[in-house]
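Student: File name coords24.csv; file contents CSV, C-alpha atoms; full text below.
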chain,number,residue,atom,x,y,z
A,4,MET,CA,0.0,0.0,0.0
A,5,ASN,CA,2.8,2.4,-0.7
A,6,VAL,CA,1.5,5.7,-1.9
A,7,ALA,CA,3.3,7.4,-4.7
A,8,ALA,CA,1.7,10.8,-4.2
A,9,HIS,CA,2.5,12.8,-1.1
A,10,PRO,CA,-0.4,12.0,1.2
A,11,GLY,CA,0.4,14.9,3.5
A,12,ALA,CA,-0.1,17.5,0.8
A,13,LYS,CA,-3.8,16.9,0.2
A,14,ASN,CA,-6.5,17.4,2.7
A,15,LEU,CA,-10.0,16.3,3.5
A,16,GLY,CA,-12.4,18.4,5.5
A,17,TYR,CA,-14.8,16.7,8.0
A,18,VAL,CA,-17.9,18.6,9.1
A,19,LEU,CA,-20.0,17.8,12.2
A,20,VAL,CA,-22.9,19.9,13.3
A,21,ASP,CA,-25.0,18.6,16.2
A,22,GLY,CA,-28.2,19.9,17.8
A,23,ALA,CA,-29.0,17.1,20.3
A,24,GLU,CA,-30.8,17.9,23.5
A,25,GLY,CA,-31.3,21.5,22.6
A,26,VAL,CA,-27.6,22.3,22.5
A,27,PHE,CA,-26.2,23.3,19.1
A,28,ARG,CA,-22.5,23.0,18.3
A,29,GLY,CA,-20.3,22.3,15.3
A,30,ALA,CA,-16.8,21.3,14.5
A,31,VAL,CA,-14.6,21.0,11.5
A,32,LEU,CA,-11.5,18.8,11.2
A,33,VAL,CA,-9.2,19.1,8.3
A,34,THR,CA,-6.8,16.2,7.9
A,35,ASP,CA,-4.3,15.2,5.3
A,36,PHE,CA,-4.7,12.0,3.5
A,37,ARG,CA,-3.1,10.1,6.4
A,38,GLY,CA,-5.7,11.3,8.9
A,39,ILE,CA,-3.2,13.7,10.6
A,40,PRO,CA,-5.0,16.9,11.7
A,41,ALA,CA,-4.1,20.1,9.9
A,42,ASP,CA,-6.8,22.3,11.3
A,43,PHE,CA,-9.6,21.8,13.9
A,44,ARG,CA,-12.3,24.3,14.7
A,45,TYR,CA,-15.2,24.1,17.0
A,46,THR,CA,-18.0,26.4,18.1
A,47,ASP,CA,-19.1,27.2,21.6
A,48,PRO,CA,-22.4,25.5,22.4
A,49,ILE,CA,-25.5,27.5,21.7
A,50,ARG,CA,-28.5,26.9,23.9
A,51,PRO,CA,-31.6,28.7,22.6
A,52,SER,CA,-34.0,29.8,25.3
A,53,ARG,CA,-37.5,28.6,25.4
A,54,ILE,CA,-38.9,31.9,24.0
A,55,GLU,CA,-36.3,31.8,21.2
A,56,LYS,CA,-37.5,28.3,20.3
A,57,ILE,CA,-41.1,29.6,20.2
A,58,LEU,CA,-40.3,32.6,18.2
A,59,TYR,CA,-38.1,30.9,15.6
A,60,GLY,CA,-40.2,27.8,15.5
A,61,SER,CA,-39.2,25.2,13.0
A,62,ALA,CA,-36.8,27.6,11.4
A,63,LEU,CA,-34.5,27.5,14.4
A,64,ASP,CA,-32.9,24.1,13.8
A,65,VAL,CA,-32.2,24.9,10.1
A,66,TYR,CA,-31.0,28.4,10.9
A,67,LEU,CA,-28.6,27.5,13.7
A,68,LYS,CA,-27.2,24.4,12.0
A,69,GLU,CA,-27.0,25.3,8.4
A,70,GLU,CA,-26.7,29.0,8.4
A,71,LEU,CA,-25.0,30.1,11.5
A,72,ILE,CA,-22.8,27.2,12.7
A,73,LEU,CA,-21.9,25.7,9.4
A,74,GLU,CA,-21.1,29.0,7.7
A,75,SER,CA,-19.0,30.1,10.7
A,76,ILE,CA,-16.8,27.0,11.0
A,77,VAL,CA,-16.4,26.4,7.3
A,78,GLY,CA,-15.4,30.1,6.8
A,79,ALA,CA,-13.0,29.9,9.8
A,80,VAL,CA,-10.9,27.1,8.4
A,81,GLU,CA,-7.4,28.2,7.2
A,82,VAL,CA,-6.3,25.0,5.6
A,83,GLN,CA,-8.6,24.4,2.6
A,84,PRO,CA,-9.4,20.8,1.8
A,85,LEU,CA,-9.9,19.3,-1.6
A,86,LEU,CA,-13.1,17.6,-0.5
A,87,TRP,CA,-15.6,18.4,2.3
A,88,ILE,CA,-17.2,15.4,3.9
A,89,CYS,CA,-20.3,15.4,6.0
A,90,ARG,CA,-22.5,12.6,7.4
A,91,ASP,CA,-25.7,14.5,7.9
A,92,ALA,CA,-27.8,14.7,4.7
A,93,ASP,CA,-29.3,18.0,5.7
A,94,LEU,CA,-25.8,19.6,5.6
A,95,LEU,CA,-24.8,18.5,2.2
A,96,GLU,CA,-26.6,21.1,0.1
A,97,PRO,CA,-25.6,24.1,2.4
A,98,LEU,CA,-22.1,22.7,2.6
A,99,ALA,CA,-21.8,22.5,-1.1
A,100,ARG,CA,-23.1,26.1,-1.4
A,101,LEU,CA,-20.7,27.5,1.2
A,102,ALA,CA,-17.5,25.5,0.5
A,103,LYS,CA,-14.9,26.4,-2.0
A,104,ALA,CA,-14.3,22.7,-2.8
A,105,LYS,CA,-16.4,19.7,-3.6
A,106,ALA,CA,-18.7,18.3,-0.9
A,107,VAL,CA,-20.0,14.8,-0.4
A,108,LEU,CA,-22.1,12.9,2.1
A,109,LEU,CA,-20.3,9.8,3.2
A,110,ALA,CA,-21.9,6.9,5.0
A,111,PRO,CA,-21.0,3.3,5.9
A,112,THR,CA,-22.9,0.3,4.5
A,113,ASN,CA,-23.2,-3.4,5.3
A,114,ARG,CA,-23.2,-4.3,1.6
A,115,THR,CA,-21.0,-7.0,0.1
A,116,PRO,CA,-17.7,-5.6,-1.2
A,117,LEU,CA,-17.6,-4.6,-4.8
A,118,ASP,CA,-15.3,-6.5,-7.1
A,119,ALA,CA,-12.3,-4.2,-7.1
A,120,THR,CA,-11.0,-1.2,-5.3
A,121,GLY,CA,-12.2,1.9,-7.1
A,122,ASP,CA,-15.4,0.3,-8.4
A,123,MET,CA,-18.6,2.4,-8.4
A,124,GLU,CA,-22.2,1.4,-8.4
A,125,LYS,CA,-25.0,3.8,-9.0
A,126,GLN,CA,-27.9,3.8,-6.6
A,127,ASN,CA,-31.5,4.6,-7.0
A,128,ASP,CA,-31.3,7.8,-5.0
A,129,PRO,CA,-30.2,10.6,-7.3
A,130,GLY,CA,-26.6,11.5,-6.9
A,131,SER,CA,-25.9,8.4,-4.7
A,132,TYR,CA,-23.2,5.8,-5.4
A,133,LEU,CA,-21.6,2.9,-3.7
A,134,ILE,CA,-17.8,3.0,-4.0
A,135,GLN,CA,-15.2,0.4,-3.0
A,136,ALA,CA,-12.6,2.6,-1.4
A,137,ASP,CA,-10.2,-0.2,-0.5
A,138,SER,CA,-10.0,-3.9,-0.7
A,139,VAL,CA,-10.7,-4.7,3.0
A,140,SER,CA,-13.9,-3.0,3.9
A,141,ALA,CA,-17.6,-2.8,3.0
A,142,PRO,CA,-18.4,-0.3,0.2
A,143,LEU,CA,-19.2,3.3,1.2
A,144,ARG,CA,-22.2,5.2,0.1
A,145,ILE,CA,-21.5,8.7,-1.3
A,146,SER,CA,-24.1,11.2,-2.1
A,147,LEU,CA,-23.4,14.3,-4.1
A,148,PRO,CA,-25.4,17.6,-4.0
A,149,LEU,CA,-28.1,17.3,-6.7
A,150,PRO,CA,-27.0,20.0,-9.1
A,151,LYS,CA,-23.5,18.5,-9.2
A,152,SER,CA,-24.5,14.8,-9.2
A,153,LYS,CA,-23.1,14.0,-12.6
A,154,GLU,CA,-21.2,10.8,-13.0
A,155,GLU,CA,-18.0,12.7,-13.8
A,156,GLU,CA,-18.2,14.5,-10.5
A,157,ALA,CA,-18.8,11.2,-8.7
A,158,LYS,CA,-15.8,9.7,-10.4
A,159,ALA,CA,-13.6,12.6,-9.4
A,160,VAL,CA,-14.8,12.3,-5.8
A,161,SER,CA,-14.4,8.6,-5.8
A,162,ALA,CA,-10.8,8.9,-7.0
A,163,MET,CA,-10.0,11.2,-4.2
A,164,LEU,CA,-11.5,8.9,-1.6
A,165,VAL,CA,-9.8,5.8,-3.0
A,166,GLU,CA,-6.4,7.6,-2.8
A,167,ALA,CA,-7.0,8.7,0.8
A,168,ALA,CA,-8.3,5.3,1.8
A,169,ALA,CA,-4.9,3.8,1.0
A,170,THR,CA,-3.5,5.6,4.0
A,171,MET,CA,-6.4,6.3,6.3
A,172,ASP,CA,-9.8,5.1,7.4
A,173,LEU,CA,-12.2,7.5,5.7
A,174,LEU,CA,-14.8,7.6,8.5
A,175,GLU,CA,-12.5,7.5,11.5
A,176,PRO,CA,-12.1,11.3,11.8
A,177,PHE,CA,-15.7,11.7,12.7
A,178,SER,CA,-15.3,9.6,15.9
A,179,ARG,CA,-12.1,11.5,16.8
A,180,MET,CA,-14.0,14.8,16.5
A,181,GLY,CA,-16.7,13.4,18.7
A,182,LYS,CA,-14.1,12.5,21.3
A,183,ALA,CA,-12.4,15.9,21.1
A,184,LEU,CA,-15.7,17.7,21.5
A,185,ALA,CA,-16.7,15.6,24.5
A,186,ALA,CA,-13.3,16.3,26.1
A,187,LEU,CA,-13.6,20.0,25.5
A,188,GLY,CA,-17.2,20.0,26.8
A,189,GLU,CA,-16.1,18.3,30.0
A,190,GLU,CA,-13.3,20.8,30.4
A,191,HIS,CA,-15.9,23.6,30.2
A,192,GLY,CA,-18.2,21.9,32.6
A,193,GLU,CA,-20.9,21.2,30.1
A,194,GLN,CA,-23.3,18.3,30.3
B,9,MET,CA,-139.1,10.3,60.3
B,10,SER,CA,-138.4,13.6,61.9
B,11,SER,CA,-140.1,16.9,61.3
B,12,GLU,CA,-137.0,18.2,59.5
B,13,ASP,CA,-137.1,15.3,57.1
B,14,ILE,CA,-140.8,15.9,56.4
B,15,ARG,CA,-140.1,19.6,55.7
B,16,THR,CA,-137.3,18.7,53.3
B,17,TYR,CA,-139.5,16.2,51.6
B,18,LEU,CA,-142.4,18.5,51.1
B,19,ALA,CA,-140.0,21.4,50.0
B,20,ARG,CA,-138.6,19.2,47.3
B,21,LEU,CA,-142.0,18.0,46.3
B,22,PHE,CA,-143.8,21.3,46.1
B,23,LEU,CA,-141.1,23.9,45.8
B,24,GLY,CA,-138.4,22.0,43.8
B,25,LYS,CA,-135.7,23.5,45.8
B,26,THR,CA,-132.7,22.1,47.5
B,27,LYS,CA,-130.8,23.9,50.1
B,28,VAL,CA,-127.2,24.2,48.9
B,29,HIS,CA,-124.5,25.4,51.2
B,30,SER,CA,-121.4,27.1,49.6
B,31,LEU,CA,-117.9,26.2,50.8
B,32,ARG,CA,-116.1,29.3,49.3
B,33,PRO,CA,-112.8,29.6,51.2
B,34,GLN,CA,-112.7,33.3,52.0
B,35,GLY,CA,-109.2,34.6,52.7
B,36,LYS,CA,-107.5,31.4,52.1
B,37,GLU,CA,-105.8,32.0,48.7
B,38,VAL,CA,-102.9,29.8,47.8
B,39,VAL,CA,-99.5,31.5,47.7
B,40,LEU,CA,-97.1,30.3,45.1
B,41,ARG,CA,-93.4,30.6,45.9
B,42,THR,CA,-90.4,29.7,43.7
B,43,THR,CA,-87.7,27.5,45.1
B,44,GLY,CA,-85.0,29.2,42.9
B,45,ARG,CA,-82.4,31.1,44.7
B,46,VAL,CA,-80.6,34.2,43.7
B,47,ILE,CA,-76.8,33.8,43.8
B,48,GLU,CA,-74.8,36.7,44.9
B,49,THR,CA,-71.3,36.9,43.4
B,50,HIS,CA,-68.4,38.6,45.0
B,51,PRO,CA,-65.2,39.0,43.0
B,52,LEU,CA,-62.1,38.0,44.9
B,53,ARG,CA,-59.8,40.4,43.1
B,54,SER,CA,-59.6,44.0,44.2
B,55,PRO,CA,-61.5,46.4,42.0
B,56,GLU,CA,-59.5,47.6,39.1
B,57,ARG,CA,-58.3,51.2,39.3
B,58,VAL,CA,-57.2,53.2,36.4
B,59,LEU,CA,-54.6,55.7,37.3
B,60,GLY,CA,-54.4,58.6,35.0
B,61,SER,CA,-51.2,59.4,33.2
B,62,ALA,CA,-51.1,62.7,35.0
B,63,LEU,CA,-49.9,60.9,38.1
B,64,PHE,CA,-46.7,60.0,36.4
B,65,GLY,CA,-46.4,62.9,34.1
B,66,SER,CA,-46.0,62.6,30.4
B,67,ALA,CA,-42.3,61.9,30.6
B,68,MET,CA,-42.5,58.3,31.7
B,69,ASP,CA,-40.2,55.9,29.8
B,70,VAL,CA,-41.2,52.7,28.3
B,71,LEU,CA,-38.8,49.8,28.1
B,72,THR,CA,-39.6,47.7,25.1
B,73,LYS,CA,-38.0,44.3,24.9
B,74,GLY,CA,-38.0,42.4,21.6
B,75,PHE,CA,-36.1,40.0,19.5
B,76,CYS,CA,-34.0,40.8,16.6
B,77,ILE,CA,-34.8,37.8,14.4
B,78,SER,CA,-32.2,37.2,11.8
B,79,GLU,CA,-33.0,37.9,8.2
B,80,ALA,CA,-31.6,34.5,7.4
B,81,ALA,CA,-34.0,32.8,9.7
B,82,ILE,CA,-37.0,34.7,8.6
B,83,GLY,CA,-36.2,35.0,4.9
B,84,GLY,CA,-37.4,31.5,4.0
B,85,ILE,CA,-40.7,31.8,5.8
B,86,ARG,CA,-41.5,35.4,5.3
B,87,ASP,CA,-43.9,34.7,2.6
B,88,ASN,CA,-46.0,32.5,4.8
B,89,ILE,CA,-46.4,35.0,7.6
B,90,ARG,CA,-49.2,37.5,7.2
B,91,GLY,CA,-47.7,40.9,7.4
B,92,GLY,CA,-44.2,39.4,7.2
B,93,LYS,CA,-42.8,41.8,9.7
B,94,PHE,CA,-42.2,41.8,13.4
B,95,SER,CA,-42.6,45.3,14.9
B,96,PHE,CA,-43.4,47.0,18.1
B,97,ASP,CA,-45.6,50.1,18.4
B,98,ARG,CA,-43.9,52.5,20.7
B,99,ARG,CA,-46.7,55.0,20.9
B,100,LEU,CA,-48.8,55.1,24.0
B,101,VAL,CA,-51.9,57.4,23.7
B,102,VAL,CA,-54.3,58.1,26.6
B,103,ASN,CA,-57.4,60.2,25.9
B,104,GLY,CA,-55.9,61.4,22.7
B,105,GLU,CA,-52.7,62.6,24.4
B,106,ARG,CA,-49.4,60.9,23.5
B,107,VAL,CA,-47.7,60.2,26.8
B,108,VAL,CA,-44.5,58.4,25.7
B,109,ARG,CA,-41.6,60.4,24.3
B,110,ASP,CA,-40.4,58.9,21.1
B,111,THR,CA,-36.8,59.9,21.8
B,112,ARG,CA,-36.5,57.9,25.0
B,113,VAL,CA,-37.7,54.5,23.8
B,114,PHE,CA,-35.1,51.8,24.4
B,115,LEU,CA,-34.8,48.8,22.3
B,116,HIS,CA,-33.0,45.8,23.8
B,117,SER,CA,-32.2,42.8,21.7
B,118,ILE,CA,-32.3,39.8,24.0
B,119,GLY,CA,-32.2,37.3,21.1
B,120,GLY,CA,-29.8,37.0,18.3
B,121,PHE,CA,-27.3,34.2,18.3
B,122,THR,CA,-23.6,34.6,18.1
B,123,VAL,CA,-21.1,31.9,17.3
B,124,ARG,CA,-17.6,31.8,18.4
B,125,CYS,CA,-15.2,29.6,16.5
B,126,ASN,CA,-12.3,28.2,18.5
B,127,ARG,CA,-9.1,26.9,17.0
B,128,ALA,CA,-8.0,23.7,18.7
B,129,VAL,CA,-5.8,21.7,16.4
B,130,GLY,CA,-3.4,21.3,19.3
B,131,ARG,CA,-6.2,19.6,21.3
B,132,ILE,CA,-7.1,17.0,18.7
B,133,SER,CA,-3.6,16.1,17.5
B,134,PRO,CA,-2.6,14.1,20.6
B,135,LEU,CA,-5.7,11.9,20.2
B,136,PRO,CA,-4.9,8.5,18.8
B,137,ILE,CA,-6.2,7.3,15.4
B,138,GLU,CA,-8.5,4.4,16.0
B,139,VAL,CA,-8.0,1.6,13.5
B,140,ARG,CA,-10.7,-1.0,13.2
B,141,ASN,CA,-10.4,-4.7,12.6
B,142,ARG,CA,-10.8,-5.4,8.8
B,143,LEU,CA,-10.7,-9.1,9.1
B,144,PRO,CA,-14.4,-9.7,8.2
B,145,TRP,CA,-13.6,-8.2,4.7
B,146,PHE,CA,-10.3,-9.9,4.2
B,147,ARG,CA,-10.8,-12.2,1.3
B,148,GLY,CA,-7.2,-13.1,0.5
B,149,ARG,CA,-4.7,-15.4,2.2
B,150,SER,CA,-1.4,-14.3,3.6
B,151,ASN,CA,1.7,-16.2,2.8
B,152,SER,CA,3.3,-14.8,5.8
B,153,LEU,CA,1.3,-17.1,8.1
B,154,LYS,CA,3.2,-20.2,9.3
B,155,LYS,CA,1.7,-23.5,10.1
B,156,GLY,CA,-0.1,-23.4,13.5
B,157,GLU,CA,-0.8,-19.6,13.3
B,158,VAL,CA,-4.3,-18.4,13.3
B,159,LEU,CA,-5.3,-14.9,12.1
B,160,LEU,CA,-7.2,-13.1,14.9
B,161,ALA,CA,-7.4,-9.5,13.5
B,162,LEU,CA,-6.3,-7.4,10.6
B,163,TYR,CA,-5.6,-3.7,11.1
B,164,CYS,CA,-5.0,-1.4,8.2
B,165,PRO,CA,-3.9,1.0,6.9
B,166,ILE,CA,-1.2,1.7,9.5
B,167,LEU,CA,1.7,4.0,8.6
B,168,GLU,CA,4.4,1.6,9.8
B,169,ASP,CA,7.4,3.9,10.0
B,170,GLY,CA,5.5,6.6,11.9
B,171,VAL,CA,4.0,4.6,14.7
B,172,LEU,CA,5.0,6.1,18.1
B,173,LYS,CA,2.8,3.9,20.2
B,174,SER,CA,-0.1,1.5,19.7
B,175,VAL,CA,-2.6,0.1,22.2
B,176,LEU,CA,-5.1,-2.7,21.5
B,177,ASN,CA,-8.5,-1.8,22.8
B,178,LYS,CA,-9.8,-5.3,23.7
B,179,GLU,CA,-13.2,-4.0,24.5
B,180,ARG,CA,-13.9,-2.6,21.1
B,181,GLY,CA,-11.4,-4.7,19.1
B,182,THR,CA,-9.7,-1.6,17.7
B,183,LEU,CA,-6.1,-0.5,17.6
B,184,LEU,CA,-5.3,2.9,18.9
B,185,VAL,CA,-2.3,4.4,17.1
B,186,TRP,CA,-0.2,7.5,17.8
B,187,TYR,CA,1.9,8.7,14.9
B,188,ASN,CA,4.9,10.9,14.4
B,189,PRO,CA,3.6,12.9,11.4
B,190,ARG,CA,7.1,13.6,10.1
B,191,ARG,CA,7.9,9.9,9.6
B,192,ALA,CA,4.5,8.4,8.8
B,193,TRP,CA,4.4,7.7,5.1
B,194,LYS,CA,4.4,4.0,4.4
B,195,ALA,CA,1.0,2.3,4.8
B,196,ARG,CA,1.0,-1.4,5.6
B,197,SER,CA,-1.3,-3.9,7.3
B,198,LEU,CA,-0.9,-5.4,10.7
B,199,PHE,CA,-1.9,-9.0,11.5
B,200,LEU,CA,-2.7,-10.1,15.0
B,201,VAL,CA,-2.1,-13.9,15.1
B,202,ARG,CA,-2.2,-16.6,17.7
B,203,ASP,CA,0.7,-19.1,17.3
B,204,PHE,CA,-0.5,-22.5,18.5
B,205,SER,CA,2.8,-24.1,17.6
B,206,SER,CA,4.5,-22.1,20.4
B,207,GLY,CA,1.9,-22.5,23.1
B,208,GLY,CA,-0.8,-20.1,21.8
B,209,SER,CA,1.1,-16.9,22.2
B,210,LEU,CA,-0.1,-13.7,20.5
B,211,GLU,CA,2.1,-12.1,17.8
B,212,TRP,CA,2.0,-9.0,15.6
B,213,LYS,CA,3.0,-9.3,11.9
B,214,TRP,CA,3.4,-6.6,9.3
B,215,ILE,CA,2.2,-7.6,5.9
B,216,ASP,CA,1.3,-5.9,2.6
B,217,ILE,CA,-2.1,-6.3,1.1
B,218,HIS,CA,-2.6,-5.6,-2.5
Kindly transcribe the structure held in the file into C-alpha cells.
Tutor:
Amino acid sequence: MNVAAHPGAKNLGYVLVDGAEGVFRGAVLVTDFRGIPADFRYTDPIRPSRIEKILYGSALDVYLKEELILESIVGAVEVQPLLWICRDADLLEPLARLAKAKAVLLAPTNRTPLDATGDMEKQNDPGSYLIQADSVSAPLRISLPLPKSKEEEAKAVSAMLVEAAATMDLLEPFSRMGKALAALGEEHGEQ
Amino acid sequence: MSSEDIRTYLARLFLGKTKVHSLRPQGKEVVLRTTGRVIETHPLRSPERVLGSALFGSAMDVLTKGFCISEAAIGGIRDNIRGGKFSFDRRLVVNGERVVRDTRVFLHSIGGFTVRCNRAVGRISPLPIEVRNRLPWFRGRSNSLKKGEVLLALYCPILEDGVLKSVLNKERGTLLVWYNPRRAWKARSLFLVRDFSSGGSLEWKWIDIH
C-alpha cells in the first residue's frame, strides 16, 4: 500500500454539526490523506432559550445548523481541503453552497464488497453511489449535492476517496471529532 | 221520620228547591313561591383602578423588549407570515394625548445568536487514530502465516514507520495508534495472530495487502 503521491499534501475536511438535546454546536476537522490533523475548529455551544424556540419555530434548527454554525466554521478554516465530507444529509446542500471545494455525504454500508478497489455502483437515489474505497472494507455510500450529481463528478470524488483510503480510514475522523468535542465539553463543565 | 225530614221532603216535592251550602274559602288563597335562589357573586380580586397618566407625568419611559430575528431565519418563511414583519408600536396614547416620548424609547435585543469559533488543532492532534479490525472483509490469504498460526485480527492501513505507540482496545477490538507525522508515510497492514505451535502466544506481523 505504498502511496506514490504525497499523502500529506492533500486534505479532507470533515464537518460535524449537532443539535442534540437543545444544544447546538459544530466542528470541522481538516486532515491530510493520512488522517493527521491540519486544522480543527469548534464552536461554543448555543443553547436557545424557550422563548427563542417559540419565536423561531421550525426555522430554528435549520438556521442554527445550516446558516449560523456551518457558515462560521467552514469560513474559519485556514487549511482548505480538496473535499468536504459530512455525514448529515441536511448539511450536504448548504455545505456545497458554502464550501470552496467539492462536498460529499459519506456513509458506511453493510453491503458485500464490490469486485475491485475503485469500483462504483449507481444507486436509486439521485446522486448516490456505492464505492469500493479499499480492498478490505464494505463499500461506502457517497451522495453528491443534486445540481452536481453528474457521474464525472462522482468519479472525481471517488478517485480522491480511494487515494485517501490507502493511508487512512475515511470515516474514522468523525469519531475523533466526537471524542475531542466531548473532552472539550467536560473541560468547560458542560453536560 | 223527623219533622225536618218531612219539611225537606215537602219542599222538594212542592217547591223543587234544594238547600245548597257554599264552601267558598274566603281569605285562604294559595300563595305560590319559587324554590329558585338568587346567587350573589363577590369578585375576589380587588377592584381595578385606572390611574391617570397625569400621576406619572407625560415623561415616563417605556422599556420595550423584543427580539432581533435574523433575516436568514425569517427569509425562508417570510412569505408564509401574514404581514411578514415583526414590529413594536412604541406609541402610547391616553385620551388622545401621547404620553410616551419617542426619543426615550429603548430597544434591547435579547435574542440574536452569536457563534464563536475556536481553533484547537493542538487539542485533537494528541488523540490516537482508532484503526478498526478489517478481518471480516479480508478475502485473501497471507503467505506470511506459518503452520499453526491463526489470524485473529487485521488492522489497516497503518503507517508503519511513523508509529510512536499503539494500544489494543480489547473491549472494542480496535487498535489505537499515535503517529509521528514527520515519519508516517508508508502504509501497511498489521496482523494479530495466535501461534499454537508455540503455546498459543499472540504475535503481531506486518504484511502488505494488494
Student: Compile the contact shell of Ala185 in chain A as JSON, numbers by chain: residues with an atom at most 12 Å away, counting all atoms listed in the file, same-chain residues fewer than 4 positions apart removed.
Tutor: {"A": [28, 29, 30, 45, 48, 178, 179, 180, 181, 189, 190, 191, 192, 193, 194], "B": [131, 132]}
Student: How many Å separate CA of Val139 in chain B from CA of Glu156 in chain A?
Tutor: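 Distance reported for this atom pair: 29.1 Å.
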Student: Using all atoms listed in the file, select each residue of chain B with any atom at most 7 Å away from an atom of chain A, and give the selection as a list in words.
Tutor: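 Applying the cut-off to the listed atoms yields Ala81, Gly119, Val123, Arg124, Cys125, Asn126, Arg127, Ala128, Val129, Ile132, Ser133, Glu138, Arg142, Trp145, Phe146, Pro165, Pro189, Lys194, Ala195, Arg196, Asp216, Ile217 and His218 of chain B.
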Student: Of the residues A:Asp35, A:Glu124, A:Glu69, A:Pro142, which is the one nearest to Leu98 in chain A, using all atoms listed in the file?
Tutor: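 Closest to Leu98 in chain A, using all atoms listed in the file: A:Glu69.
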Student: Counting all atoms listed in the file, which residue out of A:Ala167, A:Leu174, A:Leu108, A:Leu143 sits closest to Lys13 in chain A?
Tutor: A:Ala167
Student: With distances taken over only C-alpha atoms, which residue among B:Val158, B:Leu52, B:Val39, B:Ala19 lies nearest Ser205 in chain B?
Tutor: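 The shortest atom-to-atom distance to Ser205 in chain B comes from B:Val158.
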Student: Please provide the set of residues having any atom within 7 Å of Asp169 in chain B, restricted to all atoms listed in the file, with same-chain residues fewer than 5 positions apart removed, written as JSON, numbers by chain.
Tutor: {"B": [191, 192, 193, 194]}
Student: What's around Gly208 in chain B at 10 Å? Count only C-alpha atoms, leave out sequence neighbours fewer than 3 positions away in its own chain, and write the answer as a PyMOL selection string.
Tutor: chain B and resi 156-158+201-205+211
Student: What does the distance between CA of Pro148 in chain A and CA of Leu95 in chain A come to in Å, to one decimal place?
Tutor: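 Between CA of Pro148 in chain A and CA of Leu95 in chain A the gap works out to 6.3 Å.
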